[in-house]
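Have a look at upload.pdb; it's PDB, C-alpha atoms:
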ATOM      1  CA  VAL A 121      -7.557  -4.489 -47.173
ATOM      2  CA  LEU A 122      -4.239  -2.684 -47.502
ATOM      3  CA  ARG A 123      -3.658   0.018 -44.907
ATOM      4  CA  LEU A 124      -0.714   2.373 -45.330
ATOM      5  CA  ASP A 125       0.621   5.413 -43.528
ATOM      6  CA  ASP A 126       0.700   8.930 -44.918
ATOM      7  CA  ARG A 127       3.633  10.236 -46.913
ATOM      8  CA  GLY A 128       6.806  10.723 -44.897
ATOM      9  CA  VAL A 129       6.427   7.609 -42.764
ATOM     10  CA  GLY A 130       9.011   4.832 -43.022
ATOM     11  CA  GLY A 131      10.982   4.992 -46.244
ATOM     12  CA  SER A 132       8.509   7.193 -48.125
ATOM     13  CA  SER A 133       9.201  10.785 -49.078
ATOM     14  CA  LYS A 134       7.325  13.551 -47.283
ATOM     15  CA  GLY A 135       6.037  15.053 -50.486
ATOM     16  CA  THR A 136       6.208  18.729 -51.409
ATOM     17  CA  PRO A 137       3.896  21.766 -51.631
ATOM     18  CA  GLU A 138       3.713  21.019 -55.365
ATOM     19  CA  ASP A 139       1.827  17.731 -54.832
ATOM     20  CA  THR A 140      -1.592  17.325 -56.448
ATOM     21  CA  SER A 141      -4.196  14.586 -56.799
ATOM     22  CA  ALA A 142      -2.059  13.262 -59.673
ATOM     23  CA  SER A 143       0.839  12.818 -57.236
ATOM     24  CA  PHE A 144      -1.403  10.963 -54.798
ATOM     25  CA  ALA A 145      -2.561   8.721 -57.650
ATOM     26  CA  THR A 146       1.033   7.515 -58.028
ATOM     27  CA  ASP A 147       0.956   6.508 -54.338
ATOM     28  CA  ILE A 148      -2.103   4.358 -54.965
ATOM     29  CA  THR A 149      -0.588   2.856 -58.100
ATOM     30  CA  ALA A 150       2.428   1.884 -55.982
ATOM     31  CA  ALA A 151       0.056   0.278 -53.472
ATOM     32  CA  VAL A 152      -1.659  -1.706 -56.246
ATOM     33  CA  ASP A 153       1.703  -2.845 -57.596
ATOM     34  CA  PHE A 154       2.732  -3.858 -54.063
ATOM     35  CA  LEU A 155      -0.332  -6.081 -53.713
ATOM     36  CA  SER A 156       0.196  -7.524 -57.176
ATOM     37  CA  ALA A 157       3.799  -8.395 -56.309
ATOM     38  CA  LYS A 158       2.458 -10.261 -53.258
ATOM     39  CA  GLY A 159       0.437 -12.457 -55.599
ATOM     40  CA  PHE A 160      -2.992 -10.844 -55.217
ATOM     41  CA  LYS A 161      -4.995 -10.699 -58.425
ATOM     42  CA  LYS A 162      -8.495  -9.469 -57.505
ATOM     43  CA  ILE A 163      -7.465  -5.940 -56.598
ATOM     44  CA  GLY A 164     -10.012  -3.133 -56.331
ATOM     45  CA  LEU A 165     -10.022   0.472 -55.203
ATOM     46  CA  ILE A 166     -12.463   2.175 -52.843
ATOM     47  CA  GLY A 167     -12.105   5.952 -52.891
ATOM     48  CA  HIS A 168     -14.017   8.547 -50.872
ATOM     49  CA  SER A 169     -14.442  12.171 -52.035
ATOM     50  CA  GLU A 170     -11.026  13.119 -53.496
ATOM     51  CA  GLY A 171     -10.306   9.395 -53.361
ATOM     52  CA  GLY A 172     -13.304   8.958 -55.637
ATOM     53  CA  LEU A 173     -11.473  11.181 -58.090
ATOM     54  CA  ILE A 174      -8.155   9.366 -57.701
ATOM     55  CA  ALA A 175      -9.549   5.821 -57.989
ATOM     56  CA  PRO A 176     -10.663   6.153 -61.636
ATOM     57  CA  MET A 177      -7.375   7.880 -62.476
ATOM     58  CA  VAL A 178      -5.436   4.885 -61.168
ATOM     59  CA  ALA A 179      -7.823   2.377 -62.756
ATOM     60  CA  VAL A 180      -7.228   3.911 -66.182
ATOM     61  CA  GLN A 181      -3.450   3.905 -65.718
ATOM     62  CA  ASN A 182      -3.018   0.535 -63.983
ATOM     63  CA  THR A 183      -4.559  -2.562 -65.572
ATOM     64  CA  LYS A 184      -4.101  -4.529 -62.344
ATOM     65  CA  VAL A 185      -7.149  -2.740 -60.890
ATOM     66  CA  GLN A 186     -10.151  -5.056 -61.300
ATOM     67  CA  PHE A 187     -12.950  -2.882 -59.880
ATOM     68  CA  VAL A 188     -13.653   0.590 -58.501
ATOM     69  CA  ILE A 189     -15.994   1.782 -55.756
ATOM     70  CA  SER A 190     -16.595   5.526 -55.685
ATOM     71  CA  LEU A 191     -17.926   6.955 -52.423
ATOM     72  CA  ALA A 192     -19.099  10.537 -53.029
ATOM     73  CA  GLY A 193     -16.667  10.889 -55.913
ATOM     74  CA  PRO A 194     -17.076  13.722 -58.429
ATOM     75  CA  GLY A 195     -18.942  13.056 -61.658
ATOM     76  CA  ILE A 196     -19.050  16.615 -62.993
ATOM     77  CA  THR A 197     -16.356  19.227 -63.550
ATOM     78  CA  ILE A 198     -14.905  20.378 -60.237
ATOM     79  CA  ASP A 199     -15.853  24.035 -60.696
ATOM     80  CA  GLN A 200     -19.483  22.953 -61.180
ATOM     81  CA  MET A 201     -19.250  20.653 -58.170
ATOM     82  CA  MET A 202     -17.782  23.413 -56.001
ATOM     83  CA  LEU A 203     -20.499  25.898 -56.996
ATOM     84  CA  LEU A 204     -23.191  23.395 -56.017
ATOM     85  CA  GLN A 205     -21.322  22.673 -52.794
ATOM     86  CA  SER A 206     -21.066  26.353 -51.836
ATOM     87  CA  GLN A 207     -24.734  26.951 -52.604
ATOM     88  CA  SER A 208     -25.881  23.941 -50.577
ATOM     89  CA  ILE A 209     -23.707  24.722 -47.563
ATOM     90  CA  ALA A 210     -24.672  28.407 -47.608
ATOM     91  CA  LYS A 211     -28.358  27.472 -47.724
ATOM     92  CA  SER A 212     -27.892  25.078 -44.794
ATOM     93  CA  GLN A 213     -26.345  27.948 -42.831
ATOM     94  CA  GLY A 214     -29.340  30.200 -43.417
ATOM     95  CA  ALA A 215     -28.065  32.392 -46.278
ATOM     96  CA  THR A 216     -30.703  34.172 -48.330
ATOM     97  CA  SER A 217     -31.218  33.536 -52.048
ATOM     98  CA  THR A 218     -29.786  36.993 -52.778
ATOM     99  CA  GLN A 219     -26.641  36.222 -50.769
ATOM    100  CA  ILE A 220     -26.258  32.846 -52.472
ATOM    101  CA  GLU A 221     -26.643  34.388 -55.934
ATOM    102  CA  ALA A 222     -23.989  37.005 -55.139
ATOM    103  CA  SER A 223     -21.489  34.510 -53.723
ATOM    104  CA  THR A 224     -22.110  32.151 -56.664
ATOM    105  CA  ALA A 225     -21.313  34.926 -59.139
ATOM    106  CA  PHE A 226     -18.159  35.745 -57.156
ATOM    107  CA  ASN A 227     -17.039  32.099 -57.040
ATOM    108  CA  LYS A 228     -17.680  31.657 -60.768
ATOM    109  CA  LYS A 229     -15.335  34.559 -61.533
ATOM    110  CA  VAL A 230     -12.649  33.258 -59.169
ATOM    111  CA  TYR A 231     -12.811  29.715 -60.579
ATOM    112  CA  ALA A 232     -12.756  30.969 -64.170
ATOM    113  CA  TYR A 233      -9.716  33.134 -63.421
ATOM    114  CA  ILE A 234      -7.794  30.170 -61.984
ATOM    115  CA  ILE A 235      -8.844  27.752 -64.741
ATOM    116  CA  ASN A 236      -8.013  30.146 -67.603
ATOM    117  CA  TYR A 237      -4.859  31.731 -66.148
ATOM    118  CA  ASN A 238      -1.821  31.440 -68.420
ATOM    119  CA  GLY A 239       0.593  33.904 -66.844
ATOM    120  CA  SER A 240       3.808  33.183 -64.962
ATOM    121  CA  ASN A 241       2.988  34.237 -61.386
ATOM    122  CA  LEU A 242      -0.513  33.172 -60.401
ATOM    123  CA  LYS A 243      -0.286  34.173 -56.740
ATOM    124  CA  ALA A 244       0.926  37.719 -57.475
ATOM    125  CA  ASP A 245      -1.599  38.268 -60.255
ATOM    126  CA  PHE A 246      -4.507  36.733 -58.382
ATOM    127  CA  GLN A 247      -4.260  38.940 -55.264
ATOM    128  CA  PRO A 248      -5.345  42.234 -56.891
ATOM    129  CA  TYR A 249      -8.019  40.383 -58.890
ATOM    130  CA  ILE A 250      -9.676  38.716 -55.902
ATOM    131  CA  LYS A 251      -9.426  41.947 -53.903
ATOM    132  CA  GLU A 252     -11.260  43.890 -56.594
ATOM    133  CA  GLU A 253     -13.979  41.230 -56.884
ATOM    134  CA  PHE A 254     -14.335  40.933 -53.094
ATOM    135  CA  ILE A 255     -14.798  44.686 -52.789
ATOM    136  CA  LYS A 256     -17.613  44.475 -55.359
ATOM    137  CA  LEU A 257     -19.190  41.587 -53.443
ATOM    138  CA  THR A 258     -19.089  43.341 -50.068
ATOM    139  CA  GLN A 259     -19.449  46.998 -51.120
ATOM    140  CA  ASN A 260     -22.476  47.634 -48.901
ATOM    141  CA  GLN A 261     -21.239  45.699 -45.874
ATOM    142  CA  GLY A 262     -18.969  48.353 -44.403
ATOM    143  CA  LEU A 263     -15.794  46.280 -44.330
ATOM    144  CA  THR A 264     -12.574  48.100 -43.561
ATOM    145  CA  GLU A 265      -9.515  48.005 -45.818
ATOM    146  CA  THR A 266      -7.806  45.863 -43.177
ATOM    147  CA  GLN A 267     -10.642  43.313 -43.186
ATOM    148  CA  ILE A 268     -10.562  43.128 -46.972
ATOM    149  CA  ASP A 269      -6.792  42.669 -47.009
ATOM    150  CA  GLU A 270      -7.076  39.954 -44.358
ATOM    151  CA  PHE A 271      -9.578  38.061 -46.523
ATOM    152  CA  VAL A 272      -7.296  38.315 -49.575
ATOM    153  CA  ALA A 273      -4.250  37.219 -47.564
ATOM    154  CA  GLN A 274      -6.161  34.270 -46.155
ATOM    155  CA  GLN A 275      -7.686  33.063 -49.428
ATOM    156  CA  THR A 276      -4.850  33.566 -51.908
ATOM    157  CA  PRO A 277      -2.380  30.865 -50.738
ATOM    158  CA  SER A 278      -4.958  28.071 -50.720
ATOM    159  CA  ILE A 279      -6.734  29.032 -53.945
ATOM    160  CA  THR A 280      -3.463  29.420 -55.867
ATOM    161  CA  SER A 281      -1.799  26.299 -54.436
ATOM    162  CA  PRO A 282      -0.795  23.631 -56.982
ATOM    163  CA  TRP A 283      -3.189  21.128 -55.379
ATOM    164  CA  TYR A 284      -6.193  23.444 -55.652
ATOM    165  CA  VAL A 285      -5.383  24.629 -59.174
ATOM    166  CA  TYR A 286      -5.087  21.018 -60.390
ATOM    167  CA  PHE A 287      -8.263  20.075 -58.521
ATOM    168  CA  LEU A 288     -10.250  22.980 -59.975
ATOM    169  CA  LYS A 289      -9.173  22.147 -63.527
ATOM    170  CA  PHE A 290      -9.916  18.444 -63.151
ATOM    171  CA  ASN A 291     -12.568  16.899 -65.397
ATOM    172  CA  PRO A 292     -13.752  13.451 -64.210
ATOM    173  CA  GLU A 293     -15.013  12.617 -67.713
ATOM    174  CA  LEU A 294     -11.409  12.110 -68.880
ATOM    175  CA  TYR A 295     -11.183   9.018 -66.686
ATOM    176  CA  TRP A 296     -14.707   7.700 -66.118
ATOM    177  CA  SER A 297     -15.297   7.630 -69.886
ATOM    178  CA  LYS A 298     -12.435   5.121 -70.294
ATOM    179  CA  ILE A 299     -13.348   2.648 -67.558
ATOM    180  CA  LYS A 300     -14.807  -0.719 -68.537
ATOM    181  CA  ILE A 301     -14.196  -2.672 -65.323
ATOM    182  CA  PRO A 302     -16.990  -3.048 -62.713
ATOM    183  CA  VAL A 303     -17.903   0.180 -60.918
ATOM    184  CA  LEU A 304     -20.062   0.829 -57.854
ATOM    185  CA  ALA A 305     -20.806   4.530 -57.311
ATOM    186  CA  LEU A 306     -22.536   5.584 -54.092
ATOM    187  CA  ASN A 307     -23.661   8.941 -52.739
ATOM    188  CA  GLY A 308     -25.727   9.982 -49.755
ATOM    189  CA  SER A 309     -28.925  11.898 -50.497
ATOM    190  CA  LEU A 310     -27.983  14.495 -47.841
ATOM    191  CA  ASP A 311     -24.459  15.069 -49.165
ATOM    192  CA  LEU A 312     -23.958  18.838 -49.420
ATOM    193  CA  GLN A 313     -20.330  18.653 -50.579
ATOM    194  CA  VAL A 314     -20.676  16.306 -53.552
ATOM    195  CA  LYS A 315     -24.328  16.506 -54.560
ATOM    196  CA  ALA A 316     -25.722  13.049 -55.253
ATOM    197  CA  THR A 317     -28.090  13.673 -58.166
ATOM    198  CA  GLU A 318     -25.708  15.636 -60.371
ATOM    199  CA  ASN A 319     -22.530  13.674 -59.660
ATOM    200  CA  LEU A 320     -24.060  10.198 -59.914
ATOM    201  CA  ALA A 321     -25.733  11.192 -63.180
ATOM    202  CA  GLY A 322     -22.368  12.384 -64.484
ATOM    203  CA  ILE A 323     -20.607   9.141 -63.559
ATOM    204  CA  GLN A 324     -23.422   7.135 -65.145
ATOM    205  CA  ALA A 325     -23.246   9.163 -68.364
ATOM    206  CA  TYR A 326     -19.468   8.824 -68.665
ATOM    207  CA  LEU A 327     -19.526   5.076 -67.968
ATOM    208  CA  THR A 328     -22.233   4.713 -70.611
ATOM    209  CA  LYS A 329     -19.963   6.603 -72.987
ATOM    210  CA  ALA A 330     -17.256   4.058 -72.164
ATOM    211  CA  GLY A 331     -19.643   1.227 -73.022
ATOM    212  CA  ASN A 332     -19.418   0.014 -69.430
ATOM    213  CA  LYS A 333     -22.187  -2.507 -68.711
ATOM    214  CA  LYS A 334     -20.858  -3.388 -65.257
ATOM    215  CA  ALA A 335     -21.826  -0.206 -63.404
ATOM    216  CA  THR A 336     -24.095   0.095 -60.367
ATOM    217  CA  ILE A 337     -25.118   3.617 -59.355
ATOM    218  CA  LYS A 338     -26.928   4.184 -56.048
ATOM    219  CA  GLU A 339     -28.124   7.152 -54.018
ATOM    220  CA  LEU A 340     -28.474   6.116 -50.383
ATOM    221  CA  PRO A 341     -31.217   8.006 -48.521
ATOM    222  CA  GLY A 342     -30.528   9.934 -45.328
ATOM    223  CA  LEU A 343     -26.719   9.828 -45.507
ATOM    224  CA  ASN A 344     -24.320  12.798 -45.515
ATOM    225  CA  HIS A 345     -20.965  13.267 -47.252
ATOM    226  CA  LEU A 346     -19.268  11.038 -44.662
ATOM    227  CA  PHE A 347     -21.949   8.361 -45.192
ATOM    228  CA  GLN A 348     -23.304   8.851 -41.691
ATOM    229  CA  GLU A 349     -27.032   8.695 -40.967
ATOM    230  CA  ALA A 350     -27.842  12.403 -40.696
ATOM    231  CA  LYS A 351     -30.734  14.805 -40.281
ATOM    232  CA  THR A 352     -29.633  17.702 -42.484
ATOM    233  CA  GLY A 353     -26.307  16.777 -44.073
ATOM    234  CA  SER A 354     -24.800  20.046 -42.827
ATOM    235  CA  THR A 355     -21.027  20.089 -42.377
ATOM    236  CA  ALA A 356     -21.629  21.415 -38.849
ATOM    237  CA  GLU A 357     -23.527  18.221 -38.079
ATOM    238  CA  TYR A 358     -20.577  15.891 -38.802
ATOM    239  CA  SER A 359     -18.936  16.122 -35.396
ATOM    240  CA  THR A 360     -22.232  15.646 -33.552
ATOM    241  CA  ILE A 361     -22.831  12.199 -35.086
ATOM    242  CA  GLU A 362     -21.231   9.283 -33.262
ATOM    243  CA  GLN A 363     -21.673   6.820 -36.129
ATOM    244  CA  THR A 364     -18.542   6.348 -38.255
ATOM    245  CA  ILE A 365     -20.253   4.936 -41.344
ATOM    246  CA  ALA A 366     -23.775   3.628 -41.875
ATOM    247  CA  PRO A 367     -24.024  -0.193 -41.941
ATOM    248  CA  VAL A 368     -26.002  -0.041 -45.204
ATOM    249  CA  VAL A 369     -22.890   1.334 -46.922
ATOM    250  CA  LEU A 370     -20.694  -1.525 -45.721
ATOM    251  CA  ASP A 371     -23.359  -4.078 -46.653
ATOM    252  CA  THR A 372     -23.863  -2.547 -50.097
ATOM    253  CA  MET A 373     -20.131  -2.579 -50.822
ATOM    254  CA  SER A 374     -19.431  -6.094 -49.491
ATOM    255  CA  ASN A 375     -22.462  -7.633 -51.235
ATOM    256  CA  TRP A 376     -21.496  -5.965 -54.506
ATOM    257  CA  ILE A 377     -17.856  -7.131 -54.263
ATOM    258  CA  LEU A 378     -18.881 -10.696 -53.394
ATOM    259  CA  GLY A 379     -21.212 -10.696 -56.377
ATOM    260  CA  LEU A 380     -18.484  -9.874 -58.880
ATOM    261  CA  LYS A 381     -17.666 -12.605 -61.362
TER     262      LYS A 381
END
Is it possible to give me this structure as structure tokens?
Amino acid sequence: VLRLDDRGVGGSSKGTPEDTSASFATDITAAVDFLSAKGFKKIGLIGHSEGGLIAPMVAVQNTKVQFVISLAGPGITIDQMMLLQSQSIAKSQGATSTQIEASTAFNKKVYAYIINYNGSNLKADFQPYIKEEFIKLTQNQGLTETQIDEFVAQQTPSITSPWYVYFLKFNPELYWSKIKIPVLALNGSLDLQVKATENLAGIQAYLTKAGNKKATIKELPGLNHLFQEAKTGSTAEYSTIEQTIAPVVLDTMSNWILGLK
């Protein structure tokens, strides 16, 4: 296993606010090339969550990668994944179906605006748009102008950041549909952030499109997004669980790797 520090440590650059998942993929490609230069040939990638997005990107671009393990990686378009995530988390927090429907409609508009934007100043143009939509969403909640402005000021920088814009526009099909090397894709059944059923089905469909006959797709019961044994899968539950990762995940990965020909 290769362990490396974050950007900015040692001789590496610190990165910039313009960095995206594509930038991070170049870091992993450099890591693969480093191992290859050391003489290693059976090199594989294990990526969790965003890493499960980056791993197939690198595998398509770098032929030295011999296998990929996706842990809760996306298998559907990111806007779809995020809508499912928001709905699941809201439900776990006790939101009503009416509230979930309203927030889903709001999120759909926000995501569509970001994805389809072709102007020259996203941050400046997005602020009045999200303010108008937020006012519609909360019109009967008695929020003050100050509270509305605080929400807009808080949300705009993150939603319009280069990383988030790239992430929101990302389509996993572009990479999964080109991968022919062995793939193990795992998700926990209680994952509220990257829903198992939809995302695993997406990965399976894209690998089938690629003609990949070396794919193993598994939903592991009772595990959350962090692959901990959980009761609800709620994000609030993460910090209350002492377990780092369920042993079944480690066993599944190691047995699969050792079984590769």
(request) Find the residue from A:Leu203, A:Gly342, A:Thr224, A:Tyr284 that sits nearest to Glu138 of chain A; use only C-alpha atoms when measuring. (result)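 Of the candidates, the smallest distance to Glu138 of chain A is held by A:Tyr284.
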(request) Rank A:Val272, A:Asp147, A:Tyr237, A:Gly195 by their smallest atom-to-atom distance to Gly128 of chain A, using all atoms listed in the file, and report the top residue only. (result) A:Asp147
Within 12 Å of segment 155-172 of chain A: each segment 235-353 of chain A residue with its shortest pair, all atoms listed in the file, as JSON lines:
{"residue": "A:Trp283", "atom": "CA", "partner": "A:Glu170", "partner_atom": "CA", "distance": 11.4}
{"residue": "A:Tyr284", "atom": "CA", "partner": "A:Glu170", "partner_atom": "CA", "distance": 11.6}
{"residue": "A:Phe287", "atom": "CA", "partner": "A:Glu170", "partner_atom": "CA", "distance": 9.0}
{"residue": "A:Leu288", "atom": "CA", "partner": "A:Glu170", "partner_atom": "CA", "distance": 11.8}
{"residue": "A:Phe290", "atom": "CA", "partner": "A:Glu170", "partner_atom": "CA", "distance": 11.1}
{"residue": "A:Pro292", "atom": "CA", "partner": "A:Gly172", "partner_atom": "CA", "distance": 9.7}
{"residue": "A:Tyr295", "atom": "CA", "partner": "A:Gly172", "partner_atom": "CA", "distance": 11.3}
{"residue": "A:Trp296", "atom": "CA", "partner": "A:Gly172", "partner_atom": "CA", "distance": 10.6}
{"residue": "A:Ile301", "atom": "CA", "partner": "A:Gly164", "partner_atom": "CA", "distance": 9.9}
{"residue": "A:Pro302", "atom": "CA", "partner": "A:Gly164", "partner_atom": "CA", "distance": 9.5}
{"residue": "A:Val303", "atom": "CA", "partner": "A:Gly164", "partner_atom": "CA", "distance": 9.7}
{"residue": "A:Leu304", "atom": "CA", "partner": "A:Ile166", "partner_atom": "CA", "distance": 9.2}
{"residue": "A:Ala305", "atom": "CA", "partner": "A:Gly172", "partner_atom": "CA", "distance": 8.9}
{"residue": "A:Leu306", "atom": "CA", "partner": "A:His168", "partner_atom": "CA", "distance": 9.6}
{"residue": "A:Asn307", "atom": "CA", "partner": "A:Ser169", "partner_atom": "CA", "distance": 9.8}
{"residue": "A:Gly308", "atom": "CA", "partner": "A:Ser169", "partner_atom": "CA", "distance": 11.7}
{"residue": "A:Asp311", "atom": "CA", "partner": "A:Ser169", "partner_atom": "CA", "distance": 10.8}
{"residue": "A:Leu312", "atom": "CA", "partner": "A:Ser169", "partner_atom": "CA", "distance": 11.9}
{"residue": "A:Gln313", "atom": "CA", "partner": "A:Ser169", "partner_atom": "CA", "distance": 8.9}
{"residue": "A:Val314", "atom": "CA", "partner": "A:Ser169", "partner_atom": "CA", "distance": 7.6}
{"residue": "A:Lys315", "atom": "CA", "partner": "A:Ser169", "partner_atom": "CA", "distance": 11.1}
{"residue": "A:Ala316", "atom": "CA", "partner": "A:Ser169", "partner_atom": "CA", "distance": 11.8}
{"residue": "A:Asn319", "atom": "CA", "partner": "A:Gly172", "partner_atom": "CA", "distance": 11.1}
{"residue": "A:Leu320", "atom": "CA", "partner": "A:Gly172", "partner_atom": "CA", "distance": 11.6}
{"residue": "A:Ile323", "atom": "CA", "partner": "A:Gly172", "partner_atom": "CA", "distance": 10.8}
{"residue": "A:Asn344", "atom": "CA", "partner": "A:Ser169", "partner_atom": "CA", "distance": 11.9}
{"residue": "A:His345", "atom": "CA", "partner": "A:Ser169", "partner_atom": "CA", "distance": 8.2}
{"residue": "A:Leu346", "atom": "CA", "partner": "A:His168", "partner_atom": "CA", "distance": 8.5}
{"residue": "A:Phe347", "atom": "CA", "partner": "A:His168", "partner_atom": "CA", "distance": 9.8}
(request) Kindly provide, as a PyMOL selection string, the polymer residues lying within 12 Å of (-16.9, 38.3, -52.6), counting all atoms listed in the file and using the coordinates exactly as they appear in the file. (result) chain A and resi 219-230+249-261+263+268+271-272+275
To test the calculation: enclose all listed atoms of segment 308-318 of chain A in a box whose edges run along x, y and z, add 5 Å on each side, then state centre and edge lengths in Å to one decimal, as lines of an AutoDock Vina configuration file.
center_x = -24.6
center_y = 14.4
center_z = -54.1
size_x = 18.6
size_y = 18.9
size_z = 22.5
(message) I need the residue nearest Asn182 of chain A from this list: A:Ser133, A:Asn332, A:Asn236, A:Thr146. Use only C-alpha atoms for the distance.
(response)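 For Asn182 of chain A, the nearest of the given residues is A:Thr146.
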(request) Measuring atom to atom with all atoms listed in the file, identify which of A:Leu204, A:Val180, A:Pro137, A:Lys298 is nearest to Ser281 of chain A. (result)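 For Ser281 of chain A, the nearest of the given residues is A:Pro137.
Relative to atom CA of Ala330 of chain A, atom CA of Lys300 of chain A is found at 6.5 Å.
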(message) Quick check, in Å to one decimal: how far apart do atom CA of Gly193 of chain A and atom CA of Ala366 of chain A lie?
(response)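 Those two atoms sit 17.3 Å apart.
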(request) Check the smallest atom-to-atom distance from each of A:Lys184, A:Lys289, A:Arg123, A:Lys243 to Asp199 of chain A using only C-alpha atoms, then report the winner. (result)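 Of A:Lys184, A:Lys289, A:Arg123, A:Lys243, the one nearest Asp199 of chain A is A:Lys289, counting only C-alpha atoms.
Proximity of A:Ala192, A:Val285, A:Ile148, A:Leu173 to Glu318 of chain A, computed with all atoms listed in the file, is greatest for A:Ala192.
In this model, the gap between atom CA of Gly135 of chain A and atom CA of Leu242 of chain A comes to 21.7 Å.
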Using the incomplete input, complete segment 155-161 of chain A to the level of all heavy atoms; output as a PDB file, keeping the file's coordinate frame.
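Written file, rebuild-v1.pdb:
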ATOM      1  N   LEU A 155       0.564  -4.940 -53.906  1.00  0.00           N
ATOM      2  CA  LEU A 155      -0.332  -6.081 -53.713  1.00  0.00           C
ATOM      3  C   LEU A 155      -0.156  -7.116 -54.817  1.00  0.00           C
ATOM      4  O   LEU A 155      -0.150  -8.323 -54.569  1.00  0.00           O
ATOM      5  CB  LEU A 155      -1.786  -5.603 -53.680  1.00  0.00           C
ATOM      6  CG  LEU A 155      -2.223  -4.840 -52.427  1.00  0.00           C
ATOM      7  CD1 LEU A 155      -3.634  -4.291 -52.606  1.00  0.00           C
ATOM      8  CD2 LEU A 155      -2.163  -5.734 -51.195  1.00  0.00           C
ATOM      9  N   SER A 156       0.001  -6.626 -56.043  1.00  0.00           N
ATOM     10  CA  SER A 156       0.196  -7.524 -57.176  1.00  0.00           C
ATOM     11  C   SER A 156       1.467  -8.353 -57.009  1.00  0.00           C
ATOM     12  O   SER A 156       1.491  -9.556 -57.285  1.00  0.00           O
ATOM     13  CB  SER A 156       0.253  -6.725 -58.479  1.00  0.00           C
ATOM     14  OG  SER A 156       0.461  -7.567 -59.585  1.00  0.00           O
ATOM     15  N   ALA A 157       2.523  -7.702 -56.523  1.00  0.00           N
ATOM     16  CA  ALA A 157       3.799  -8.395 -56.309  1.00  0.00           C
ATOM     17  C   ALA A 157       3.681  -9.453 -55.215  1.00  0.00           C
ATOM     18  O   ALA A 157       4.451 -10.423 -55.189  1.00  0.00           O
ATOM     19  CB  ALA A 157       4.886  -7.378 -55.948  1.00  0.00           C
ATOM     20  N   LYS A 158       2.694  -9.284 -54.324  1.00  0.00           N
ATOM     21  CA  LYS A 158       2.458 -10.261 -53.258  1.00  0.00           C
ATOM     22  C   LYS A 158       1.637 -11.453 -53.765  1.00  0.00           C
ATOM     23  O   LYS A 158       1.384 -12.399 -53.022  1.00  0.00           O
ATOM     24  CB  LYS A 158       1.699  -9.595 -52.104  1.00  0.00           C
ATOM     25  CG  LYS A 158       2.494  -8.554 -51.342  1.00  0.00           C
ATOM     26  CD  LYS A 158       3.489  -9.198 -50.399  1.00  0.00           C
ATOM     27  CE  LYS A 158       4.197  -8.163 -49.542  1.00  0.00           C
ATOM     28  NZ  LYS A 158       5.195  -8.775 -48.653  1.00  0.00           N
ATOM     29  N   GLY A 159       1.184 -11.355 -55.013  1.00  0.00           N
ATOM     30  CA  GLY A 159       0.437 -12.457 -55.599  1.00  0.00           C
ATOM     31  C   GLY A 159      -1.066 -12.255 -55.658  1.00  0.00           C
ATOM     32  O   GLY A 159      -1.801 -13.123 -56.150  1.00  0.00           O
ATOM     33  N   PHE A 160      -1.549 -11.107 -55.159  1.00  0.00           N
ATOM     34  CA  PHE A 160      -2.992 -10.844 -55.217  1.00  0.00           C
ATOM     35  C   PHE A 160      -3.395 -10.456 -56.631  1.00  0.00           C
ATOM     36  O   PHE A 160      -2.707  -9.703 -57.307  1.00  0.00           O
ATOM     37  CB  PHE A 160      -3.368  -9.726 -54.236  1.00  0.00           C
ATOM     38  CG  PHE A 160      -3.177 -10.102 -52.798  1.00  0.00           C
ATOM     39  CD1 PHE A 160      -2.067  -9.646 -52.087  1.00  0.00           C
ATOM     40  CD2 PHE A 160      -4.085 -10.928 -52.150  1.00  0.00           C
ATOM     41  CE1 PHE A 160      -1.875  -9.989 -50.759  1.00  0.00           C
ATOM     42  CE2 PHE A 160      -3.910 -11.276 -50.817  1.00  0.00           C
ATOM     43  CZ  PHE A 160      -2.802 -10.811 -50.122  1.00  0.00           C
ATOM     44  N   LYS A 161      -4.545 -10.984 -57.065  1.00  0.00           N
ATOM     45  CA  LYS A 161      -4.995 -10.699 -58.425  1.00  0.00           C
ATOM     46  C   LYS A 161      -6.304  -9.912 -58.460  1.00  0.00           C
ATOM     47  O   LYS A 161      -6.518  -9.097 -59.342  1.00  0.00           O
ATOM     48  CB  LYS A 161      -5.168 -12.010 -59.205  1.00  0.00           C
ATOM     49  CG  LYS A 161      -3.820 -12.697 -59.476  1.00  0.00           C
ATOM     50  CD  LYS A 161      -3.998 -13.907 -60.347  1.00  0.00           C
ATOM     51  CE  LYS A 161      -2.691 -14.510 -60.839  1.00  0.00           C
ATOM     52  NZ  LYS A 161      -1.542 -14.370 -59.975  1.00  0.00           N
TER      53      LYS A 161
END
